[in-house]
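Asks: Just so it is clear, I am handing over run.cif, which has mmCIF, C-alpha atoms.
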data_entry
loop_
_atom_site.label_atom_id
_atom_site.label_comp_id
_atom_site.auth_asym_id
_atom_site.auth_seq_id
_atom_site.Cartn_x
_atom_site.Cartn_y
_atom_site.Cartn_z
CA ASP A 154 -8.42 -7.34 -20.34
CA VAL A 155 -8.47 -10.01 -23.01
CA MET A 156 -11.68 -8.64 -24.53
CA MET A 157 -10.63 -5.01 -25.06
CA PRO A 158 -11.99 -3.40 -28.23
CA GLY A 159 -9.52 -3.03 -31.08
CA MET A 160 -6.36 -4.75 -29.86
CA ASP A 161 -7.10 -7.58 -27.44
CA GLY A 162 -5.32 -8.07 -24.14
CA PHE A 163 -3.24 -10.96 -25.44
CA GLU A 164 -1.68 -8.70 -28.10
CA VAL A 165 -1.15 -5.85 -25.61
CA CYS A 166 0.59 -8.27 -23.24
CA ARG A 167 2.83 -9.54 -26.06
CA MET A 168 3.78 -5.96 -27.03
CA ILE A 169 4.53 -4.92 -23.45
CA LYS A 170 6.70 -7.97 -22.81
CA LYS A 171 8.67 -7.39 -26.06
CA GLN A 172 9.64 -3.88 -24.98
CA ASP A 173 10.05 -4.12 -21.23
CA ASN A 174 10.16 -6.43 -18.25
CA ILE A 175 7.03 -4.88 -16.74
CA ALA A 176 4.77 -7.10 -14.66
CA VAL A 177 1.42 -7.79 -16.33
CA ILE A 178 -1.69 -9.03 -14.56
CA MET A 179 -4.54 -9.90 -16.89
CA LEU A 180 -8.03 -9.13 -15.55
CA THR A 181 -10.72 -10.71 -17.69
CA ALA A 182 -14.05 -12.50 -17.79
CA LYS A 183 -12.55 -15.22 -20.02
CA ASP A 184 -12.16 -18.09 -17.59
CA GLU A 185 -11.37 -21.03 -19.87
CA ILE A 186 -8.14 -22.91 -19.11
CA ASP A 187 -6.96 -22.34 -22.71
CA ASP A 188 -7.30 -18.56 -22.25
CA ARG A 189 -5.38 -18.64 -18.96
CA VAL A 190 -2.62 -20.76 -20.48
CA LYS A 191 -2.40 -18.46 -23.52
CA GLY A 192 -2.13 -15.34 -21.33
CA LEU A 193 0.54 -16.84 -19.12
CA THR A 194 2.42 -18.25 -22.14
CA LEU A 195 2.47 -14.79 -23.76
CA GLY A 196 4.19 -13.41 -20.70
CA ALA A 197 1.46 -12.39 -18.26
CA ASP A 198 2.73 -12.72 -14.70
CA ASP A 199 -0.74 -13.44 -13.39
CA TYR A 200 -4.28 -14.00 -14.69
CA MET A 201 -7.38 -13.12 -12.68
CA VAL A 202 -10.93 -13.89 -13.70
CA LYS A 203 -13.74 -11.36 -13.15
CA PRO A 204 -15.42 -10.91 -10.79
CA PHE A 205 -12.49 -10.81 -8.38
CA SER A 206 -11.82 -9.51 -4.89
CA PHE A 207 -10.13 -6.11 -4.84
CA GLU A 208 -8.10 -7.23 -1.80
CA GLU A 209 -6.81 -10.22 -3.76
CA LEU A 210 -5.85 -7.98 -6.67
CA LEU A 211 -3.92 -5.69 -4.30
CA ALA A 212 -2.15 -8.70 -2.78
CA ARG A 213 -1.16 -9.94 -6.24
CA ILE A 214 0.09 -6.48 -7.25
CA TYR A 215 2.08 -6.32 -4.01
CA ALA A 216 3.57 -9.76 -4.76
CA ARG A 217 4.62 -8.67 -8.27
CA ILE A 218 6.24 -5.51 -6.94
CA ARG A 219 8.01 -7.51 -4.24
CA ASN A 220 9.31 -9.98 -6.85
CA HIS A 221 10.55 -7.24 -9.21
CA PHE A 222 12.00 -5.01 -6.47
CA PRO A 223 13.06 -7.28 -3.59
CA ASN A 224 14.86 -4.49 -1.71
CA LEU A 225 11.90 -2.12 -1.90
CA PHE A 226 10.18 -3.64 1.11
CA GLY A 227 13.19 -3.85 3.36
CA GLU A 228 14.20 -1.06 5.65
CA VAL A 229 13.38 2.59 5.04
CA ILE A 230 14.78 5.48 7.06
CA VAL A 231 12.70 8.65 7.23
CA GLY A 232 14.09 11.30 9.55
CA PRO A 233 14.44 9.73 13.02
CA LEU A 234 12.24 6.75 12.05
CA ARG A 235 13.53 3.41 10.81
CA ILE A 236 10.76 1.35 9.20
CA ASP A 237 11.52 -2.35 8.86
CA ASP A 238 8.69 -3.81 6.80
CA ARG A 239 10.01 -7.36 7.04
CA ARG A 240 9.88 -7.32 10.84
CA LYS A 241 6.88 -4.95 10.99
CA GLU A 242 8.82 -2.69 13.35
CA ILE A 243 9.32 1.04 13.51
CA SER A 244 12.02 2.49 15.69
CA MET A 245 12.62 6.09 16.60
CA ASN A 246 16.15 7.12 17.56
CA ASP A 247 17.09 3.40 17.84
CA ARG A 248 14.17 2.65 20.22
CA VAL A 249 11.62 0.13 18.89
CA LEU A 250 8.09 1.47 19.28
CA GLU A 251 5.46 -0.91 20.63
CA LEU A 252 2.77 -0.57 17.96
CA SER A 253 -0.41 -2.45 17.13
CA PRO A 254 -0.68 -3.57 13.49
CA THR A 255 -2.97 -0.61 12.71
CA GLU A 256 -0.66 1.85 14.46
CA TYR A 257 2.24 0.42 12.47
CA GLU A 258 0.42 0.90 9.14
CA LEU A 259 -0.73 4.41 10.09
CA LEU A 260 2.71 5.57 11.21
CA LYS A 261 4.35 4.00 8.14
CA PHE A 262 1.84 5.72 5.83
CA MET A 263 2.32 9.08 7.52
CA ALA A 264 6.13 8.77 7.61
CA ILE A 265 6.43 7.82 3.95
CA ASN A 266 4.18 10.78 3.08
CA HIS A 267 5.79 13.17 5.56
CA GLY A 268 5.36 16.81 4.71
CA LEU A 269 2.04 16.17 2.95
CA VAL A 270 -1.36 16.93 4.43
CA LEU A 271 -3.30 13.67 4.69
CA SER A 272 -7.07 13.94 5.08
CA LYS A 273 -8.97 11.62 7.41
CA THR A 274 -10.66 10.08 4.37
CA MET A 275 -7.32 9.40 2.70
CA ILE A 276 -5.95 7.87 5.90
CA LEU A 277 -9.04 5.70 6.34
CA ASP A 278 -8.79 4.47 2.73
CA LYS A 279 -5.08 3.65 2.91
CA VAL A 280 -4.86 2.26 6.44
CA TRP A 281 -8.29 0.76 7.16
CA GLY A 282 -9.36 0.08 3.56
CA TYR A 283 -11.83 1.74 1.25
CA ASP A 284 -14.71 -0.39 2.53
CA PHE A 285 -14.21 0.52 6.22
CA GLY A 286 -17.64 1.07 7.73
CA GLY A 287 -16.65 2.70 11.02
CA GLU A 288 -16.50 6.29 12.16
CA GLU A 289 -13.93 8.84 10.95
CA ASN A 290 -13.01 9.71 14.54
CA ILE A 291 -11.11 6.40 14.75
CA VAL A 292 -8.29 8.30 13.01
CA GLU A 293 -8.19 10.83 15.87
CA VAL A 294 -7.98 8.00 18.41
CA TYR A 295 -5.04 6.38 16.62
CA ILE A 296 -3.27 9.72 16.05
CA ARG A 297 -3.53 10.41 19.79
CA SER A 298 -2.07 6.98 20.55
CA LEU A 299 0.80 7.50 18.09
CA ARG A 300 1.59 10.91 19.58
CA ASP A 301 1.81 9.29 23.03
CA LYS A 302 4.11 6.53 21.78
CA LEU A 303 6.30 9.02 19.89
CA GLY A 304 6.49 11.37 22.88
CA ASP A 305 4.92 14.08 20.72
CA LYS A 306 3.17 16.01 23.50
CA GLU A 307 3.44 19.33 21.66
CA HIS A 308 2.26 17.87 18.34
CA LYS A 309 5.44 18.84 16.50
CA LEU A 310 5.83 15.49 14.72
CA ILE A 311 2.19 14.90 13.85
CA ARG A 312 0.49 18.22 13.26
CA THR A 313 -3.25 18.75 13.02
CA ILE A 314 -4.09 20.91 10.02
CA ARG A 315 -7.50 22.38 10.86
CA GLY A 316 -10.18 21.43 8.35
CA ALA A 317 -7.71 19.43 6.24
CA GLY A 318 -6.21 16.53 8.19
CA TYR A 319 -2.77 15.69 9.53
CA ARG A 320 0.81 16.29 8.44
CA MET A 321 3.87 14.50 9.74
CA ASP A 322 6.90 16.76 10.00
CA LEU A 323 10.20 14.88 10.09
CA ALA A 324 13.60 16.55 9.90
#
Let's see the structure in the file written out as structure tokens.
Replies:
Amino acid sequence: DVMMPGMDGFEVCRMIKKQDNIAVIMLTAKDEIDDRVKGLTLGADDYMVKPFSFEELLARIYARIRNHFPNLFGEVIVGPLRIDDRRKEISMNDRVLELSPTEYELLKFMAINHGLVLSKTMILDKVWGYDFGGEENIVEVYIRSLRDKLGDKEHKLIRTIRGAGYRMDLA
């Protein structure tokens, strides 16, 4: 933020850019063109004026990460799953799964966090978004659908952890 107490955001940006090639997004109420130009000239990779949309901020962060780490969003292999983020496909044992966009995001989130217990609230926040206004049982519906598509009749891949959530177990 440009208007931080003590050292302003312009100076912080200058210091960060001297030491490292870290992406900097300035978030500030200062909306004058001169302020934007100054921030970008000092090395900021982006400049957003308050108030801003949280979804837009996330998209801009995602873009910065993608620019700094172009291979990060390629293909990831987790156990028997191959996640191809560019094609928005997940295959299991070389068989492409037919997934809706929400199923894709849910399975990707669970696979990347395999071995961890994920609560319904955490899943809702990460897959549907923090402002989702629907019912929590939507997670159960999508978990059931994923189990069917994965052939997980005995719930060995996606385990229900009573009172806590779900855990994906991948070898």
Asks: Using only C-alpha atoms, what table do you get, as a tab-separated table, when you list each residue of segment 154-177 of chain A with an atom no more than 6 Å from segment 189-209 of chain A, its nearest pair of atoms, and their distance in Å rounded to one decimal, rows by chain then rising number?
Replies:
residue	atom	partner	partner_atom	distance
A:Arg167	CA	A:Leu195	CA	5.7
A:Ala176	CA	A:Asp198	CA	6.0
A:Val177	CA	A:Ala197	CA	5.0
Asks: Assuming the chain letters and numbering stay as they are in my file, what does the PyMOL selection byres ((chain A and resi 273) around 9) actually select? List them as a PyMOL selection string.
Replies: chain A and resi 271-272+274-278+289-290+292-293+317-319
Asks: Save the residues we just selected, C-alpha atoms, as a PDB file, keeping the file's coordinate frame?
Replies:
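Okay, result.pdb is ready:
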ATOM      1  CA  LEU A 271      -3.300  13.670   4.690  1.00  0.00           C
ATOM      2  CA  SER A 272      -7.070  13.940   5.080  1.00  0.00           C
ATOM      3  CA  THR A 274     -10.660  10.080   4.370  1.00  0.00           C
ATOM      4  CA  MET A 275      -7.320   9.400   2.700  1.00  0.00           C
ATOM      5  CA  ILE A 276      -5.950   7.870   5.900  1.00  0.00           C
ATOM      6  CA  LEU A 277      -9.040   5.700   6.340  1.00  0.00           C
ATOM      7  CA  ASP A 278      -8.790   4.470   2.730  1.00  0.00           C
ATOM      8  CA  GLU A 289     -13.930   8.840  10.950  1.00  0.00           C
ATOM      9  CA  ASN A 290     -13.010   9.710  14.540  1.00  0.00           C
ATOM     10  CA  VAL A 292      -8.290   8.300  13.010  1.00  0.00           C
ATOM     11  CA  GLU A 293      -8.190  10.830  15.870  1.00  0.00           C
ATOM     12  CA  ALA A 317      -7.710  19.430   6.240  1.00  0.00           C
ATOM     13  CA  GLY A 318      -6.210  16.530   8.190  1.00  0.00           C
ATOM     14  CA  TYR A 319      -2.770  15.690   9.530  1.00  0.00           C
TER      15      TYR A 319
END
Asks: Could you pull the residues within 12 Å of Asn246 of chain A, counting all atoms listed in the file, minus those fewer than 6 positions along the same chain, as JSON, numbers by chain?
Replies: {"A": [230, 231, 232, 233, 234, 235, 236, 303, 304]}
Asks: Those selected residues, please, written with C-alpha atoms and delivered as a PDB file, in the frame of the given file.
Replies:
ATOM      1  CA  ILE A 230      14.780   5.480   7.060  1.00  0.00           C
ATOM      2  CA  VAL A 231      12.700   8.650   7.230  1.00  0.00           C
ATOM      3  CA  GLY A 232      14.090  11.300   9.550  1.00  0.00           C
ATOM      4  CA  PRO A 233      14.440   9.730  13.020  1.00  0.00           C
ATOM      5  CA  LEU A 234      12.240   6.750  12.050  1.00  0.00           C
ATOM      6  CA  ARG A 235      13.530   3.410  10.810  1.00  0.00           C
ATOM      7  CA  ILE A 236      10.760   1.350   9.200  1.00  0.00           C
ATOM      8  CA  LEU A 303       6.300   9.020  19.890  1.00  0.00           C
ATOM      9  CA  GLY A 304       6.490  11.370  22.880  1.00  0.00           C
TER      10      GLY A 304
END
Asks: Put a box with edges along x, y and z around all the listed atoms of segment 167-176 of chain A, pad it by 6 Å on each side, then give me its centre and sizes in Å, one decimal, as lines of an AutoDock Vina configuration file.
Replies:
center_x = 6.5
center_y = -6.7
center_z = -20.8
size_x = 19.3
size_y = 17.7
size_z = 24.4
Asks: Evaluate the PyMOL selection byres ((chain A and resi 312) around 12) here and jot the selected residues down as a PyMOL selection string.
Replies: chain A and resi 263+267-272+293+296-297+299-300+305-311+313-315+317-323
Asks: Starting from the incomplete input, reconstruct all heavy atoms of segment 164-175 of chain A and write that as a PDB file, in the coordinates of the input.
Replies:
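Resulting contents of part-v3.pdb:
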ATOM      1  N   GLU A 164      -2.611  -9.457 -27.245  1.00  0.00           N
ATOM      2  CA  GLU A 164      -1.680  -8.700 -28.100  1.00  0.00           C
ATOM      3  C   GLU A 164      -0.992  -7.590 -27.303  1.00  0.00           C
ATOM      4  O   GLU A 164       0.206  -7.356 -27.458  1.00  0.00           O
ATOM      5  CB  GLU A 164      -2.420  -8.126 -29.312  1.00  0.00           C
ATOM      6  CG  GLU A 164      -1.494  -7.485 -30.328  1.00  0.00           C
ATOM      7  CD  GLU A 164      -0.440  -8.449 -30.884  1.00  0.00           C
ATOM      8  OE1 GLU A 164      -0.702  -9.656 -31.000  1.00  0.00           O
ATOM      9  OE2 GLU A 164       0.666  -7.956 -31.194  1.00  0.00           O
ATOM     10  N   VAL A 165      -1.740  -6.903 -26.443  1.00  0.00           N
ATOM     11  CA  VAL A 165      -1.150  -5.850 -25.610  1.00  0.00           C
ATOM     12  C   VAL A 165      -0.074  -6.458 -24.700  1.00  0.00           C
ATOM     13  O   VAL A 165       1.025  -5.908 -24.569  1.00  0.00           O
ATOM     14  CB  VAL A 165      -2.231  -5.125 -24.771  1.00  0.00           C
ATOM     15  CG1 VAL A 165      -1.591  -4.181 -23.766  1.00  0.00           C
ATOM     16  CG2 VAL A 165      -3.181  -4.366 -25.684  1.00  0.00           C
ATOM     17  N   CYS A 166      -0.370  -7.591 -24.100  1.00  0.00           N
ATOM     18  CA  CYS A 166       0.590  -8.270 -23.240  1.00  0.00           C
ATOM     19  C   CYS A 166       1.858  -8.616 -24.025  1.00  0.00           C
ATOM     20  O   CYS A 166       2.970  -8.361 -23.567  1.00  0.00           O
ATOM     21  CB  CYS A 166      -0.035  -9.536 -22.651  1.00  0.00           C
ATOM     22  SG  CYS A 166       1.083 -10.481 -21.579  1.00  0.00           S
ATOM     23  N   ARG A 167       1.678  -9.178 -25.218  1.00  0.00           N
ATOM     24  CA  ARG A 167       2.830  -9.540 -26.060  1.00  0.00           C
ATOM     25  C   ARG A 167       3.678  -8.319 -26.368  1.00  0.00           C
ATOM     26  O   ARG A 167       4.900  -8.367 -26.271  1.00  0.00           O
ATOM     27  CB  ARG A 167       2.321 -10.177 -27.350  1.00  0.00           C
ATOM     28  CG  ARG A 167       3.414 -10.750 -28.230  1.00  0.00           C
ATOM     29  CD  ARG A 167       2.843 -11.435 -29.432  1.00  0.00           C
ATOM     30  NE  ARG A 167       1.523 -11.899 -29.022  1.00  0.00           N
ATOM     31  CZ  ARG A 167       0.673 -12.602 -29.741  1.00  0.00           C
ATOM     32  NH1 ARG A 167       0.951 -12.934 -30.911  1.00  0.00           N
ATOM     33  NH2 ARG A 167      -0.493 -12.978 -29.303  1.00  0.00           N
ATOM     34  N   MET A 168       3.045  -7.186 -26.702  1.00  0.00           N
ATOM     35  CA  MET A 168       3.780  -5.960 -27.030  1.00  0.00           C
ATOM     36  C   MET A 168       4.538  -5.422 -25.816  1.00  0.00           C
ATOM     37  O   MET A 168       5.690  -5.007 -25.925  1.00  0.00           O
ATOM     38  CB  MET A 168       2.826  -4.899 -27.572  1.00  0.00           C
ATOM     39  CG  MET A 168       2.322  -5.199 -28.970  1.00  0.00           C
ATOM     40  SD  MET A 168       1.096  -4.006 -29.536  1.00  0.00           S
ATOM     41  CE  MET A 168       2.019  -2.491 -29.464  1.00  0.00           C
ATOM     42  N   ILE A 169       3.884  -5.415 -24.664  1.00  0.00           N
ATOM     43  CA  ILE A 169       4.530  -4.920 -23.450  1.00  0.00           C
ATOM     44  C   ILE A 169       5.752  -5.770 -23.115  1.00  0.00           C
ATOM     45  O   ILE A 169       6.832  -5.242 -22.817  1.00  0.00           O
ATOM     46  CB  ILE A 169       3.545  -4.914 -22.255  1.00  0.00           C
ATOM     47  CG1 ILE A 169       2.485  -3.830 -22.441  1.00  0.00           C
ATOM     48  CG2 ILE A 169       4.279  -4.723 -20.935  1.00  0.00           C
ATOM     49  CD1 ILE A 169       1.357  -3.881 -21.426  1.00  0.00           C
ATOM     50  N   LYS A 170       5.608  -7.073 -23.190  1.00  0.00           N
ATOM     51  CA  LYS A 170       6.700  -7.970 -22.810  1.00  0.00           C
ATOM     52  C   LYS A 170       7.860  -7.919 -23.813  1.00  0.00           C
ATOM     53  O   LYS A 170       9.000  -8.188 -23.433  1.00  0.00           O
ATOM     54  CB  LYS A 170       6.185  -9.407 -22.662  1.00  0.00           C
ATOM     55  CG  LYS A 170       5.346  -9.593 -21.411  1.00  0.00           C
ATOM     56  CD  LYS A 170       6.163  -9.264 -20.168  1.00  0.00           C
ATOM     57  CE  LYS A 170       5.471  -9.652 -18.899  1.00  0.00           C
ATOM     58  NZ  LYS A 170       6.325  -9.567 -17.727  1.00  0.00           N
ATOM     59  N   LYS A 171       7.598  -7.552 -25.069  1.00  0.00           N
ATOM     60  CA  LYS A 171       8.670  -7.390 -26.060  1.00  0.00           C
ATOM     61  C   LYS A 171       9.554  -6.202 -25.702  1.00  0.00           C
ATOM     62  O   LYS A 171      10.763  -6.234 -25.881  1.00  0.00           O
ATOM     63  CB  LYS A 171       8.092  -7.150 -27.457  1.00  0.00           C
ATOM     64  CG  LYS A 171       7.845  -8.382 -28.254  1.00  0.00           C
ATOM     65  CD  LYS A 171       7.420  -7.995 -29.651  1.00  0.00           C
ATOM     66  CE  LYS A 171       6.837  -9.160 -30.393  1.00  0.00           C
ATOM     67  NZ  LYS A 171       6.292  -8.754 -31.693  1.00  0.00           N
ATOM     68  N   GLN A 172       8.931  -5.133 -25.203  1.00  0.00           N
ATOM     69  CA  GLN A 172       9.640  -3.880 -24.980  1.00  0.00           C
ATOM     70  C   GLN A 172      10.246  -3.761 -23.593  1.00  0.00           C
ATOM     71  O   GLN A 172      11.257  -3.106 -23.417  1.00  0.00           O
ATOM     72  CB  GLN A 172       8.694  -2.698 -25.198  1.00  0.00           C
ATOM     73  CG  GLN A 172       8.211  -2.591 -26.623  1.00  0.00           C
ATOM     74  CD  GLN A 172       7.185  -1.489 -26.776  1.00  0.00           C
ATOM     75  OE1 GLN A 172       6.959  -0.708 -25.877  1.00  0.00           O
ATOM     76  NE2 GLN A 172       6.569  -1.427 -27.946  1.00  0.00           N
ATOM     77  N   ASP A 173       9.624  -4.350 -22.599  1.00  0.00           N
ATOM     78  CA  ASP A 173      10.050  -4.120 -21.230  1.00  0.00           C
ATOM     79  C   ASP A 173       9.760  -5.326 -20.360  1.00  0.00           C
ATOM     80  O   ASP A 173       8.943  -6.170 -20.707  1.00  0.00           O
ATOM     81  CB  ASP A 173       9.280  -2.920 -20.651  1.00  0.00           C
ATOM     82  CG  ASP A 173      10.206  -1.866 -20.093  1.00  0.00           C
ATOM     83  OD1 ASP A 173      11.254  -2.220 -19.541  1.00  0.00           O
ATOM     84  OD2 ASP A 173       9.859  -0.682 -20.205  1.00  0.00           O
ATOM     85  N   ASN A 174      10.413  -5.359 -19.212  1.00  0.00           N
ATOM     86  CA  ASN A 174      10.160  -6.430 -18.250  1.00  0.00           C
ATOM     87  C   ASN A 174       9.182  -5.924 -17.191  1.00  0.00           C
ATOM     88  O   ASN A 174       9.454  -5.994 -16.004  1.00  0.00           O
ATOM     89  CB  ASN A 174      11.471  -6.890 -17.610  1.00  0.00           C
ATOM     90  CG  ASN A 174      11.261  -8.108 -16.745  1.00  0.00           C
ATOM     91  OD1 ASN A 174      10.307  -8.853 -16.928  1.00  0.00           O
ATOM     92  ND2 ASN A 174      12.141  -8.314 -15.792  1.00  0.00           N
ATOM     93  N   ILE A 175       8.057  -5.401 -17.629  1.00  0.00           N
ATOM     94  CA  ILE A 175       7.030  -4.880 -16.740  1.00  0.00           C
ATOM     95  C   ILE A 175       6.086  -6.023 -16.368  1.00  0.00           C
ATOM     96  O   ILE A 175       5.732  -6.845 -17.207  1.00  0.00           O
ATOM     97  CB  ILE A 175       6.233  -3.748 -17.435  1.00  0.00           C
ATOM     98  CG1 ILE A 175       7.147  -2.575 -17.715  1.00  0.00           C
ATOM     99  CG2 ILE A 175       5.038  -3.334 -16.605  1.00  0.00           C
ATOM    100  CD1 ILE A 175       6.505  -1.488 -18.545  1.00  0.00           C
TER     101      ILE A 175
END
